[in-house]
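Read the structure below first, then the notes.
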Amino acid sequence: MRWSQTFIPTLRDAPADAEAVSHKLLVRGGFIRQLSAGSYTVLTLGQRVRLKVAAIIRQEMNAIGGQEMVLPTLHPAEIWKQSGRYDLVGENLFRLKDRKGVDLVLGMTEEEIFGVLASELFSYRQLPQIWYQMHTKFRDEARPKSGLLRVREFTMKDSYSLDIDVPGLDVGFDKHRVAYKRIFSRMGLHAFDVLASSGAMGGTESVEFVIRSAAGEDWIVTCESCDYRANVEKATSALSPRDDGAPADLDRYATPGLRTIKTLAEAHPEIASPDRQIKTLVYFLDGEPVLVLLRGDHDLQQQKLLDAAGVGEDIRPAEPEEIVELLGASPGSLGAVGVSELRIFADEALRGRFNLTTGANQDDWHLSGVSVERDIDVGQWGDLRAVVTGDSCVTCGSSVELWKGIEVGHIFKLGTKYSEAFGAYVQDENGDSHPVIMGSYGIGLERGMAAIVETHHDDRGIIWPVSVAPFEVVITVLRGDDPATTATAEKVYSELLESGVDVILDDRAERPGVKFADSELVGIPFRVTIGPRGVESGAVELTTRTDLSTVEVSLDSLVGDLLERVDLGRSLI
RNA sequence: CGGGACGUAGCGCAGCUUGGUAGCGCGCAGCGUUCGGGACGCUGAGGUCGCGGGUUCAAGUCCCGCCGUCCCGACCA
């Protein structure tokens with residue numbers, strides 16, 4: 001392509017209040033334009049990157065036997081009611097009606113539709129299958145943000161494995177795990193595979209692929225010495241044993257004005273250090289009020305509570321007035337001793353503990369000598385607490401670290417939820433009928449692009465890996481009015497094109513500085529600078545975007561040299 | 001959904017306190033000079049001041065409502 005005839009509307013002014021670096025650079029470089037909140041036009045430069053990302057994904061999916069299809073994004077709501085997700089997923093699902101008043105939804109993921117399709121399978125001989133598509137997904141996000149990182153409409157590669165049994169599912173899952181590592185690596189991303197919560201997807205196990213970046217929204221726990229990695233929503237850590245002394249009897253004591261763990265601990269250090277207090281929280285789960293008990297120095301990880309309760313996503317802390325109505329006291333004096341009419345969840349850190357302090361459900365009074373299992377009617381034990389930096393690794397005991405990351409992929413072992421809902425049953429060799437066992441696997445394309453930019457840029461702009469760069473080489477013509485220079489540039493240009501190199505000829509009537517700056521902002525991996533000076537001496541300059549290093553290359557060896565470099569970049573993994 | 005801010009030329013912004021002929025920078029068009037790191041001169045085009053209502057002789061500016069966008073939080077298979 002010729003730059004002068006390509007719509008590359010680079011800007012030199014960043015969007016005023018954009019936060020994410022990738023957002024600024026993709027807008028400034030002319031890759032994307034915002035249409036409305038969480039909705040972006042992908043311009044020609046952006047589309048070239050997107051297509052390369054898609055090609056990598058397609059290759060790797062085909063390599064594990066994936067079959068590509070395209071499914072509708074407009075679904076009858078009926079199907080979502082059939083799977084139960086119509087009510088389960090909440091407000092993130094776009095819902096609409098057609099002219100006849102029929103309820104429709106816009107697909108946010110497509111287990112339902114693939115489930116319907118899977119009902120056409122009848123024999124174990126047809127399994128396993130891996131089906132996939134790359135198509136638009138819609139999510140009515142509460143708060144779209146950070147450019148392409150969190151949008152309402154985006155492209156997802158979603159694939160689904162279909163197997164006769166659990167070992168088969170494990171194989172399909174592992175194939176995806178390996179394929180995903182290759183995909184992200186080929187995109188130039190260093191992705192960590194971490195244990196994750198399955199949330200409202202259902203299923204038994206899930207693994208998230210995460211890029212370390214401050215622009216991310218997920219918190220990841222990793223061990224400093226072993227390979228334990230997990231999303232905080234799933235992560236756990238080892239507890240050190242506590243010495244509670246001798247069990248004591250329950251006792252009430254006045255605690256006027258002491259409404260926080262900290263102030264209570266300071267006022268009564270001998271009996272109420274934070275790790276000897278019981279923190280009592282009141283939550284509503286699907287509208288039902290419940291108590292959640294944690295050690296005083298621990299915080300609740302909400303997703304863990306949802307997972308423990310097995311409910312959808314309707315969770316909220318109770319309001320102070322609701323708490324008074326339920327327990328007869330305000331936050332700061334709450335406890336679970338003697339409470340029988342509410343479901344009580346308790347964190348494992350409290351199991352077997354005694355001689356603890358908790359609120360007396362009367363303002364300004366606390367109880368001491370609490371033995372959790374003797375005095376509290378715990379309905380369900382679970383790992384509910386949030387891991388923090390410095391906790392001990394469950395696997396090896398070293399300390400763990402928390403960092404922020406961008407979720408670029410997520411793979412789930414689903415089980416039979418959708419196959420049962422849609423009648424996807426096959427017969428085994430004995431003629432017995434079994435629901436197909438499904439896995440589902442997703443990669444967000446545009447988010448992946450943004451993640452690349454987040455991790456590949458400098459103060460001049462984007463540094464695209466060769467594998468996904470909108471162009472591999474830019475030929476910067478310094479004097480378009482010099483016939484010898486133009487002729488040389490045209491010759492190199494057509495030779496590179498013939499060699500299959502993705503090349504753009506910067507033939508604009510701009511001054512050199514503008515062209516250099518633009519090529520660096522846009523992030524093209526290699527730049528060939530051709531000017532009268534070099535043409536005369538038979539040599540041109542070859543600049544590498546990563547470190548802006550420049551070497552002189554003779555015109556004779558230029559194409560061969562470039563081909564070698566480009567090939568190397570394309571095949572890196 | 002709670003809190004905060006913003007909406008004026010394609011982009012980035014000033015003007016609003018104290019109402020009185022719509023501004024700046026970049027970009028864009030024409031001509032000329034310039035040309036190996038974001039050039040310069042001259043000329044010019046481009047605006048329902050987010051939308052609706054109100055106050056006023058007069059509203060970009062004051063008041064009310066709505067819409068949109070961003071940021072923090074809540075939320076986020």
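If you're wondering about the labels, chains in the structure tokens are A, B, ... by order shown, residues count from 1 in each chain, ligands from 1 in order shown.
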Check every residue of chain B for an atom within 10 Å of chain A, counting only C-alpha atoms (C1' of nucleotides), and provide those that qualify as a compact mmCIF listing (two decimals) with N, CA and C atoms (P, O5', C5', C4', C3', O3' and C1' of nucleotides), in the first residue's frame.
```txt
# COMPACT_ATOMS: atom_id res chain seq x y z
P C B 1 -29.36 3.57 36.33
O5' C B 1 -28.74 3.28 37.77
C5' C B 1 -29.58 3.02 38.87
C4' C B 1 -28.71 2.80 40.06
C3' C B 1 -27.88 4.00 40.50
O3' C B 1 -28.64 4.93 41.27
C1' C B 1 -26.51 2.08 40.47
P C B 6 -16.56 20.89 35.34
O5' C B 6 -16.55 20.39 33.83
C5' C B 6 -15.33 20.32 33.11
C4' C B 6 -15.47 19.41 31.93
C3' C B 6 -16.45 19.85 30.85
O3' C B 6 -15.89 20.81 29.98
C1' C B 6 -16.78 17.56 31.32
P C B 11 -13.80 16.15 16.64
O5' C B 11 -12.26 16.16 17.06
C5' C B 11 -11.49 14.97 17.01
C4' C B 11 -10.10 15.26 17.47
C3' C B 11 -9.98 16.02 18.77
O3' C B 11 -10.11 15.18 19.91
C1' C B 11 -8.59 17.04 17.18
P G B 12 -10.70 15.80 21.24
O5' G B 12 -9.52 16.74 21.74
C5' G B 12 -8.27 16.19 22.11
C4' G B 12 -7.33 17.28 22.53
C3' G B 12 -7.90 18.24 23.56
O3' G B 12 -7.85 17.71 24.87
C1' G B 12 -6.85 19.47 21.85
P C B 13 -8.83 18.28 25.98
O5' C B 13 -8.41 19.82 25.96
C5' C B 13 -9.20 20.81 26.54
C4' C B 13 -8.55 22.13 26.24
C3' C B 13 -9.31 23.35 26.72
O3' C B 13 -9.05 23.61 28.09
C1' C B 13 -8.63 23.69 24.50
P C B 26 -0.19 26.34 15.10
O5' C B 26 -0.66 24.82 14.99
C5' C B 26 0.15 23.77 15.51
C4' C B 26 -0.60 22.46 15.50
C3' C B 26 -1.07 21.98 14.14
O3' C B 26 -0.04 21.35 13.40
C1' C B 26 -2.83 21.75 15.70
P G B 27 -0.02 21.48 11.80
O5' G B 27 -1.37 20.74 11.38
C5' G B 27 -1.48 19.33 11.50
C4' G B 27 -2.90 18.91 11.19
C3' G B 27 -3.40 19.27 9.79
O3' G B 27 -3.00 18.32 8.84
C1' G B 27 -5.01 19.90 11.39
P U B 34 13.95 27.00 -1.88
O5' U B 34 13.72 26.28 -0.48
C5' U B 34 14.42 26.73 0.68
C4' U B 34 13.97 25.96 1.89
C3' U B 34 14.32 24.47 1.90
O3' U B 34 15.65 24.24 2.31
C1' U B 34 12.07 24.77 2.58
P C B 35 16.43 23.06 1.63
O5' C B 35 15.82 21.77 2.32
C5' C B 35 15.66 21.70 3.75
C4' C B 35 14.88 20.46 4.09
C3' C B 35 15.55 19.20 3.58
O3' C B 35 15.52 18.19 4.58
C1' C B 35 13.33 19.33 2.76
P G B 36 16.84 17.65 5.18
O5' G B 36 16.13 16.81 6.31
C5' G B 36 15.72 15.49 6.08
C4' G B 36 16.39 14.62 7.11
C3' G B 36 17.71 15.16 7.63
O3' G B 36 17.88 14.73 8.97
C1' G B 36 18.07 13.11 6.57
P G B 37 17.26 15.60 10.19
O5' G B 37 15.78 15.01 10.18
C5' G B 37 14.67 15.92 10.14
C4' G B 37 13.86 15.77 11.42
C3' G B 37 14.57 16.28 12.67
O3' G B 37 13.58 16.77 13.57
C1' G B 37 14.06 14.00 12.93
P G B 38 12.85 18.19 13.19
O5' G B 38 11.56 17.62 12.51
C5' G B 38 10.73 16.76 13.23
C4' G B 38 9.32 16.95 12.77
C3' G B 38 8.74 18.34 13.05
O3' G B 38 7.81 18.59 12.00
C1' G B 38 7.48 16.71 14.20
P A B 39 8.30 19.70 10.91
O5' A B 39 8.77 20.93 11.77
C5' A B 39 8.13 22.17 11.67
C4' A B 39 9.08 23.16 11.03
C3' A B 39 8.43 24.49 10.73
O3' A B 39 8.47 25.31 11.89
C1' A B 39 9.63 23.73 8.82
P G B 68 -27.89 8.82 27.06
O5' G B 68 -26.53 9.43 26.53
C5' G B 68 -26.26 9.51 25.14
C4' G B 68 -25.02 10.32 24.90
C3' G B 68 -23.76 9.81 25.59
O3' G B 68 -23.16 8.76 24.85
C1' G B 68 -23.94 12.14 25.90
P U B 69 -22.39 7.60 25.64
O5' U B 69 -21.05 8.33 26.09
C5' U B 69 -20.08 8.69 25.12
C4' U B 69 -19.00 9.52 25.76
C3' U B 69 -18.29 8.91 26.95
O3' U B 69 -17.33 7.94 26.57
C1' U B 69 -18.80 11.17 27.42
P C B 70 -16.93 6.82 27.62
O5' C B 70 -15.95 7.59 28.61
C5' C B 70 -14.72 8.11 28.14
C4' C B 70 -14.10 8.98 29.20
C3' C B 70 -13.85 8.30 30.54
O3' C B 70 -12.64 7.55 30.53
C1' C B 70 -14.88 10.38 30.92
P C B 71 -12.47 6.31 31.49
O5' C B 71 -12.29 7.01 32.91
C5' C B 71 -11.12 7.74 33.21
C4' C B 71 -11.21 8.34 34.59
C3' C B 71 -11.56 7.37 35.71
O3' C B 71 -10.45 6.62 36.15
C1' C B 71 -12.88 9.30 35.92
P A B 74 -15.11 -1.39 44.21
O5' A B 74 -16.68 -1.50 44.02
C5' A B 74 -17.54 -1.56 45.16
C4' A B 74 -18.98 -1.66 44.72
C3' A B 74 -19.30 -2.84 43.82
O3' A B 74 -19.55 -4.03 44.54
C1' A B 74 -20.18 -0.88 42.87
P C B 75 -18.95 -5.40 44.03
O5' C B 75 -19.57 -5.52 42.57
C5' C B 75 -20.96 -5.85 42.39
C4' C B 75 -21.33 -5.72 40.93
C3' C B 75 -20.62 -6.69 39.99
O3' C B 75 -21.25 -7.95 39.95
C1' C B 75 -20.50 -4.51 39.10
P C B 76 -20.35 -9.26 39.75
O5' C B 76 -19.78 -9.06 38.28
C5' C B 76 -20.64 -9.13 37.15
C4' C B 76 -19.86 -8.82 35.90
C3' C B 76 -18.67 -9.74 35.61
O3' C B 76 -19.07 -10.92 34.98
C1' C B 76 -18.02 -7.48 35.37
P A B 77 -18.70 -12.35 35.65
O5' A B 77 -19.10 -13.45 34.58
C5' A B 77 -20.36 -14.07 34.74
C4' A B 77 -20.35 -15.44 34.17
C3' A B 77 -19.05 -16.23 34.34
O3' A B 77 -19.34 -17.62 34.49
C1' A B 77 -19.56 -15.98 32.06
```
Checklist entry - If you run DSSP on this backbone, which residues of range 240-340 of chain A come out as helix (DSSP H, G or I), and could you give them as a ChimeraX atom specification? => result /A:261-267,274-276,302-309,320-327
Item to check | For range 46-62 of chain B: contacts at 12 Å, only C-alpha atoms (C1' of nucleotides), fewer than 6 positions along chain excluded, given as number ranges by chain | outcome: B: 6-10, 15-20, 22-23, 27-29, 68-69
Write out, as a CSV table (one decimal), in the first residue's frame, the residues just selected, with N, CA and C atoms (P, O5', C5', C4', C3', O3' and C1' of nucleotides).
```csv
chain,number,residue,atom,x,y,z
B,6,C,P,-16.6,20.9,35.3
B,6,C,O5',-16.5,20.4,33.8
B,6,C,C5',-15.3,20.3,33.1
B,6,C,C4',-15.5,19.4,31.9
B,6,C,C3',-16.4,19.8,30.8
B,6,C,O3',-15.9,20.8,30.0
B,6,C,C1',-16.8,17.6,31.3
B,7,G,P,-16.9,21.8,29.2
B,7,G,O5',-17.5,20.9,28.1
B,7,G,C5',-16.7,20.2,27.1
B,7,G,C4',-17.5,19.4,26.2
B,7,G,C3',-18.4,20.3,25.3
B,7,G,O3',-18.5,19.7,24.0
B,7,G,C1',-19.7,18.7,26.5
B,8,U,P,-17.5,20.2,22.8
B,8,U,O5',-17.8,21.8,22.8
B,8,U,C5',-19.0,22.2,22.0
B,8,U,C4',-18.7,23.6,21.5
B,8,U,C3',-17.5,23.8,20.7
B,8,U,O3',-17.6,23.3,19.4
B,8,U,C1',-17.6,25.5,22.2
B,9,A,P,-16.3,22.7,18.7
B,9,A,O5',-16.3,23.4,17.3
B,9,A,C5',-17.2,23.1,16.2
B,9,A,C4',-16.4,23.0,14.9
B,9,A,C3',-15.2,22.1,15.0
B,9,A,O3',-15.1,21.4,13.7
B,9,A,C1',-14.5,24.2,14.3
B,10,G,P,-16.0,20.2,13.3
B,10,G,O5',-15.0,19.0,13.3
B,10,G,C5',-15.4,17.7,13.0
B,10,G,C4',-14.1,16.9,12.9
B,10,G,C3',-13.3,16.9,14.2
B,10,G,O3',-13.7,15.9,15.1
B,10,G,C1',-11.9,17.5,12.4
B,15,G,P,-11.5,29.8,30.7
B,15,G,O5',-12.3,30.8,29.8
B,15,G,C5',-11.8,32.1,29.6
B,15,G,C4',-12.7,32.9,28.6
B,15,G,C3',-14.2,33.0,29.1
B,15,G,O3',-14.3,34.2,29.8
B,15,G,C1',-14.1,32.2,26.8
B,16,C,P,-14.6,34.1,31.4
B,16,C,O5',-16.1,33.6,31.5
B,16,C,C5',-17.2,34.4,31.0
B,16,C,C4',-18.5,33.7,31.4
B,16,C,C3',-18.6,33.4,32.9
B,16,C,O3',-20.0,33.6,33.2
B,16,C,C1',-18.8,31.4,31.6
B,17,U,P,-20.3,35.0,34.0
B,17,U,O5',-19.6,34.9,35.4
B,17,U,C5',-20.1,34.0,36.3
B,17,U,C4',-19.2,33.9,37.5
B,17,U,C3',-19.0,35.2,38.3
B,17,U,O3',-20.1,35.5,39.2
B,17,U,C1',-16.9,34.3,37.9
B,18,U,P,-20.4,36.9,39.6
B,18,U,O5',-20.7,37.7,38.2
B,18,U,C5',-21.5,38.8,38.1
B,18,U,C4',-21.1,39.7,37.0
B,18,U,C3',-21.0,38.9,35.6
B,18,U,O3',-21.5,39.8,34.6
B,18,U,C1',-19.0,40.0,36.1
B,19,G,P,-23.0,39.7,34.2
B,19,G,O5',-22.9,39.3,32.6
B,19,G,C5',-22.2,38.1,32.2
B,19,G,C4',-22.6,37.8,30.8
B,19,G,C3',-22.5,39.0,29.8
B,19,G,O3',-22.1,38.5,28.6
B,19,G,C1',-24.7,38.4,30.0
B,20,G,P,-20.9,39.2,27.7
B,20,G,O5',-21.6,40.1,26.7
B,20,G,C5',-22.5,39.5,25.7
B,20,G,C4',-22.8,40.5,24.6
B,20,G,C3',-21.6,41.4,24.2
B,20,G,O3',-21.7,41.7,22.8
B,20,G,C1',-23.4,42.7,24.9
B,22,A,P,-20.9,36.6,17.8
B,22,A,O5',-19.4,36.0,17.9
B,22,A,C5',-18.7,36.3,19.1
B,22,A,C4',-17.4,35.4,19.1
B,22,A,C3',-16.7,35.4,17.8
B,22,A,O3',-15.3,35.5,18.0
B,22,A,C1',-17.2,33.2,18.4
B,23,G,P,-14.4,36.2,16.9
B,23,G,O5',-12.9,36.0,17.4
B,23,G,C5',-12.3,34.8,17.2
B,23,G,C4',-11.4,34.4,18.3
B,23,G,C3',-10.3,33.5,18.0
B,23,G,O3',-9.2,34.1,17.5
B,23,G,C1',-11.4,32.8,20.0
B,27,G,P,0.0,21.5,11.8
B,27,G,O5',-1.4,20.7,11.4
B,27,G,C5',-1.5,19.3,11.5
B,27,G,C4',-2.9,18.9,11.2
B,27,G,C3',-3.4,19.3,9.8
B,27,G,O3',-3.0,18.3,8.8
B,27,G,C1',-5.0,19.9,11.4
B,28,C,P,-2.6,18.8,7.4
B,28,C,O5',-4.1,19.3,6.8
B,28,C,C5',-5.1,18.4,6.7
B,28,C,C4',-6.3,19.1,6.1
B,28,C,C3',-6.1,20.0,4.9
B,28,C,O3',-6.0,19.2,3.7
B,28,C,C1',-7.3,21.2,6.4
B,29,A,P,-5.0,19.5,2.5
B,29,A,O5',-5.7,20.8,1.8
B,29,A,C5',-6.9,20.6,1.1
B,29,A,C4',-7.3,21.9,0.4
B,29,A,C3',-6.2,22.6,-0.3
B,29,A,O3',-6.0,22.1,-1.6
B,29,A,C1',-7.3,24.1,1.1
B,68,G,P,-27.9,8.8,27.1
B,68,G,O5',-26.5,9.4,26.5
B,68,G,C5',-26.3,9.5,25.1
B,68,G,C4',-25.0,10.3,24.9
B,68,G,C3',-23.8,9.8,25.6
B,68,G,O3',-23.2,8.8,24.9
B,68,G,C1',-23.9,12.1,25.9
B,69,U,P,-22.4,7.6,25.6
B,69,U,O5',-21.0,8.3,26.1
B,69,U,C5',-20.1,8.7,25.1
B,69,U,C4',-19.0,9.5,25.8
B,69,U,C3',-18.3,8.9,26.9
B,69,U,O3',-17.3,7.9,26.6
B,69,U,C1',-18.8,11.2,27.4
```
Which residues are close to Arg343 in chain A, i.e. within 8 Å by only C-alpha atoms (C1' of nucleotides), leaving aside same-chain residues fewer than 3 positions away? Reply as a PDB file with N, CA and C atoms, in the first residue's frame.
```pdb
ATOM      1  N   PRO A 289     -30.969 -12.949  53.044  1.00  0.00           N
ATOM      2  CA  PRO A 289     -29.921 -12.429  53.926  1.00  0.00           C
ATOM      3  C   PRO A 289     -29.136 -13.582  54.557  1.00  0.00           C
ATOM      4  N   VAL A 290     -27.818 -13.448  54.572  1.00  0.00           N
ATOM      5  CA  VAL A 290     -26.970 -14.472  55.188  1.00  0.00           C
ATOM      6  C   VAL A 290     -25.878 -13.790  56.001  1.00  0.00           C
ATOM      7  N   LEU A 291     -25.326 -14.534  56.958  1.00  0.00           N
ATOM      8  CA  LEU A 291     -24.179 -14.016  57.705  1.00  0.00           C
ATOM      9  C   LEU A 291     -22.913 -14.668  57.167  1.00  0.00           C
ATOM     10  N   SER A 340     -30.163 -18.157  64.688  1.00  0.00           N
ATOM     11  CA  SER A 340     -30.573 -19.451  64.135  1.00  0.00           C
ATOM     12  C   SER A 340     -31.416 -19.302  62.877  1.00  0.00           C
ATOM     13  N   VAL A 378     -22.944 -22.825  62.441  1.00  0.00           N
ATOM     14  CA  VAL A 378     -22.434 -22.595  61.085  1.00  0.00           C
ATOM     15  C   VAL A 378     -23.126 -23.534  60.098  1.00  0.00           C
ATOM     16  N   GLY A 379     -23.701 -22.961  59.069  1.00  0.00           N
ATOM     17  CA  GLY A 379     -24.404 -23.777  58.079  1.00  0.00           C
ATOM     18  C   GLY A 379     -23.468 -24.296  57.009  1.00  0.00           C
TER      19      GLY A 379
END
```
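The spacing separating CA of Val408 in chain A from CA of Arg229 in chain A amounts to 15.7 Å.
Going from CA of Thr546 in chain A over to CA of Thr155 in chain A, you cover 28.3 Å.
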Next on the checklist: as a PyMOL selection string, please: every residue in range 247-406 of chain A that a backbone DSSP assignment puts in strand (DSSP E).
Outcome noted: chain A and resi 251-254+278-285+288-295+315-317+343-347+356-359+365-370+380-382+392-393+400-406
I need the residues from that last selection saved to file as a compact mmCIF listing (two decimals), in the first residue's frame (with N, CA and C atoms), if you can.
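The result, stored in again-v8.txt:
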```
# COMPACT_ATOMS: atom_id res chain seq x y z
N ASP A 251 -18.78 -14.68 77.67
CA ASP A 251 -18.92 -13.58 78.60
C ASP A 251 -19.25 -12.32 77.81
N ARG A 252 -20.09 -11.47 78.40
CA ARG A 252 -20.44 -10.22 77.76
C ARG A 252 -19.61 -9.09 78.36
N TYR A 253 -19.12 -8.20 77.50
CA TYR A 253 -18.44 -7.03 78.08
C TYR A 253 -18.76 -5.79 77.27
N ALA A 254 -18.77 -4.67 77.99
CA ALA A 254 -19.17 -3.41 77.37
C ALA A 254 -18.03 -2.85 76.53
N ILE A 278 -14.01 -12.33 65.54
CA ILE A 278 -14.79 -12.87 64.43
C ILE A 278 -15.46 -11.69 63.74
N LYS A 279 -15.16 -11.53 62.48
CA LYS A 279 -15.77 -10.46 61.69
C LYS A 279 -17.08 -10.99 61.15
N THR A 280 -18.15 -10.27 61.40
CA THR A 280 -19.48 -10.73 60.98
C THR A 280 -20.03 -9.79 59.90
N LEU A 281 -20.22 -10.32 58.70
CA LEU A 281 -20.74 -9.52 57.59
C LEU A 281 -22.15 -10.00 57.24
N VAL A 282 -22.97 -9.06 56.77
CA VAL A 282 -24.32 -9.42 56.35
C VAL A 282 -24.45 -9.18 54.86
N TYR A 283 -24.81 -10.22 54.13
CA TYR A 283 -24.96 -10.12 52.67
C TYR A 283 -26.33 -10.61 52.25
N PHE A 284 -26.74 -10.15 51.09
CA PHE A 284 -27.94 -10.71 50.46
C PHE A 284 -27.49 -11.54 49.26
N LEU A 285 -27.85 -12.81 49.26
CA LEU A 285 -27.53 -13.71 48.15
C LEU A 285 -28.84 -14.08 47.48
N GLU A 288 -31.66 -13.41 49.64
CA GLU A 288 -31.72 -14.02 50.97
C GLU A 288 -30.61 -13.47 51.85
N PRO A 289 -30.97 -12.95 53.04
CA PRO A 289 -29.92 -12.43 53.93
C PRO A 289 -29.14 -13.58 54.56
N VAL A 290 -27.82 -13.45 54.57
CA VAL A 290 -26.97 -14.47 55.19
C VAL A 290 -25.88 -13.79 56.00
N LEU A 291 -25.33 -14.53 56.96
CA LEU A 291 -24.18 -14.02 57.70
C LEU A 291 -22.91 -14.67 57.17
N VAL A 292 -21.85 -13.88 57.12
CA VAL A 292 -20.56 -14.38 56.65
C VAL A 292 -19.53 -14.08 57.73
N LEU A 293 -18.88 -15.14 58.22
CA LEU A 293 -17.94 -14.97 59.32
C LEU A 293 -16.50 -15.16 58.84
N LEU A 294 -15.65 -14.23 59.25
CA LEU A 294 -14.24 -14.29 58.88
C LEU A 294 -13.40 -13.94 60.09
N ARG A 295 -12.13 -14.31 60.04
CA ARG A 295 -11.23 -13.88 61.09
C ARG A 295 -11.10 -12.36 60.98
N ILE A 315 -25.38 -10.65 44.39
CA ILE A 315 -24.82 -10.56 45.72
C ILE A 315 -24.65 -9.10 46.07
N ARG A 316 -25.00 -8.74 47.28
CA ARG A 316 -24.75 -7.36 47.72
C ARG A 316 -24.65 -7.32 49.23
N PRO A 317 -23.83 -6.41 49.74
CA PRO A 317 -23.77 -6.23 51.18
C PRO A 317 -25.10 -5.62 51.65
N ARG A 343 -28.90 -18.20 57.40
CA ARG A 343 -27.83 -19.10 56.97
C ARG A 343 -26.51 -18.46 57.35
N ILE A 344 -25.60 -19.26 57.90
CA ILE A 344 -24.31 -18.73 58.33
C ILE A 344 -23.19 -19.42 57.56
N PHE A 345 -22.42 -18.60 56.84
CA PHE A 345 -21.23 -19.09 56.16
C PHE A 345 -20.02 -18.72 57.01
N ALA A 346 -19.08 -19.64 57.16
CA ALA A 346 -17.88 -19.32 57.94
C ALA A 346 -16.63 -19.73 57.20
N ASP A 347 -15.62 -18.88 57.31
CA ASP A 347 -14.36 -19.17 56.65
C ASP A 347 -13.58 -20.24 57.41
N LEU A 356 -12.64 -16.65 71.36
CA LEU A 356 -12.62 -15.51 70.45
C LEU A 356 -13.60 -14.43 70.91
N THR A 357 -13.51 -13.29 70.24
CA THR A 357 -14.41 -12.18 70.54
C THR A 357 -15.27 -11.87 69.32
N THR A 358 -16.55 -11.56 69.61
CA THR A 358 -17.42 -11.16 68.51
C THR A 358 -18.48 -10.22 69.05
N GLY A 359 -19.19 -9.55 68.18
CA GLY A 359 -20.24 -8.62 68.60
C GLY A 359 -21.38 -9.37 69.26
N TRP A 365 -21.77 -3.69 72.81
CA TRP A 365 -21.47 -4.87 73.63
C TRP A 365 -20.81 -5.93 72.76
N HIS A 366 -19.84 -6.62 73.34
CA HIS A 366 -19.21 -7.75 72.65
C HIS A 366 -19.22 -8.98 73.54
N LEU A 367 -18.99 -10.13 72.92
CA LEU A 367 -18.87 -11.39 73.65
C LEU A 367 -17.43 -11.84 73.60
N SER A 368 -16.95 -12.41 74.71
CA SER A 368 -15.64 -13.04 74.69
C SER A 368 -15.81 -14.52 75.00
N GLY A 369 -14.74 -15.27 74.83
CA GLY A 369 -14.79 -16.70 75.12
C GLY A 369 -15.62 -17.50 74.12
N VAL A 370 -15.73 -16.98 72.92
CA VAL A 370 -16.55 -17.67 71.92
C VAL A 370 -15.80 -18.86 71.34
N GLN A 380 -22.45 -23.51 56.67
CA GLN A 380 -21.54 -23.94 55.61
C GLN A 380 -20.15 -23.36 55.83
N TRP A 381 -19.16 -24.27 55.84
CA TRP A 381 -17.78 -23.83 55.91
C TRP A 381 -17.23 -23.68 54.51
N GLY A 382 -16.29 -22.75 54.35
CA GLY A 382 -15.70 -22.61 53.02
C GLY A 382 -14.48 -21.71 53.07
N SER A 392 1.21 -17.18 52.90
CA SER A 392 2.05 -18.33 52.56
C SER A 392 1.39 -19.16 51.47
N CYS A 393 2.20 -19.59 50.53
CA CYS A 393 1.72 -20.40 49.41
C CYS A 393 1.17 -21.73 49.92
N VAL A 400 3.44 -15.29 48.83
CA VAL A 400 2.81 -15.03 47.54
C VAL A 400 2.74 -13.53 47.28
N GLU A 401 2.58 -13.22 46.01
CA GLU A 401 2.55 -11.84 45.55
C GLU A 401 1.25 -11.62 44.80
N LEU A 402 0.68 -10.40 44.87
CA LEU A 402 -0.51 -10.07 44.09
C LEU A 402 -0.14 -9.07 43.01
N TRP A 403 -0.63 -9.29 41.81
CA TRP A 403 -0.41 -8.32 40.75
C TRP A 403 -1.63 -8.21 39.86
N LYS A 404 -1.67 -7.11 39.12
CA LYS A 404 -2.82 -6.85 38.25
C LYS A 404 -2.57 -7.38 36.86
N GLY A 405 -3.61 -7.91 36.25
CA GLY A 405 -3.43 -8.45 34.92
C GLY A 405 -4.66 -8.28 34.04
N ILE A 406 -4.41 -8.41 32.74
CA ILE A 406 -5.48 -8.35 31.75
C ILE A 406 -5.86 -9.78 31.37
```
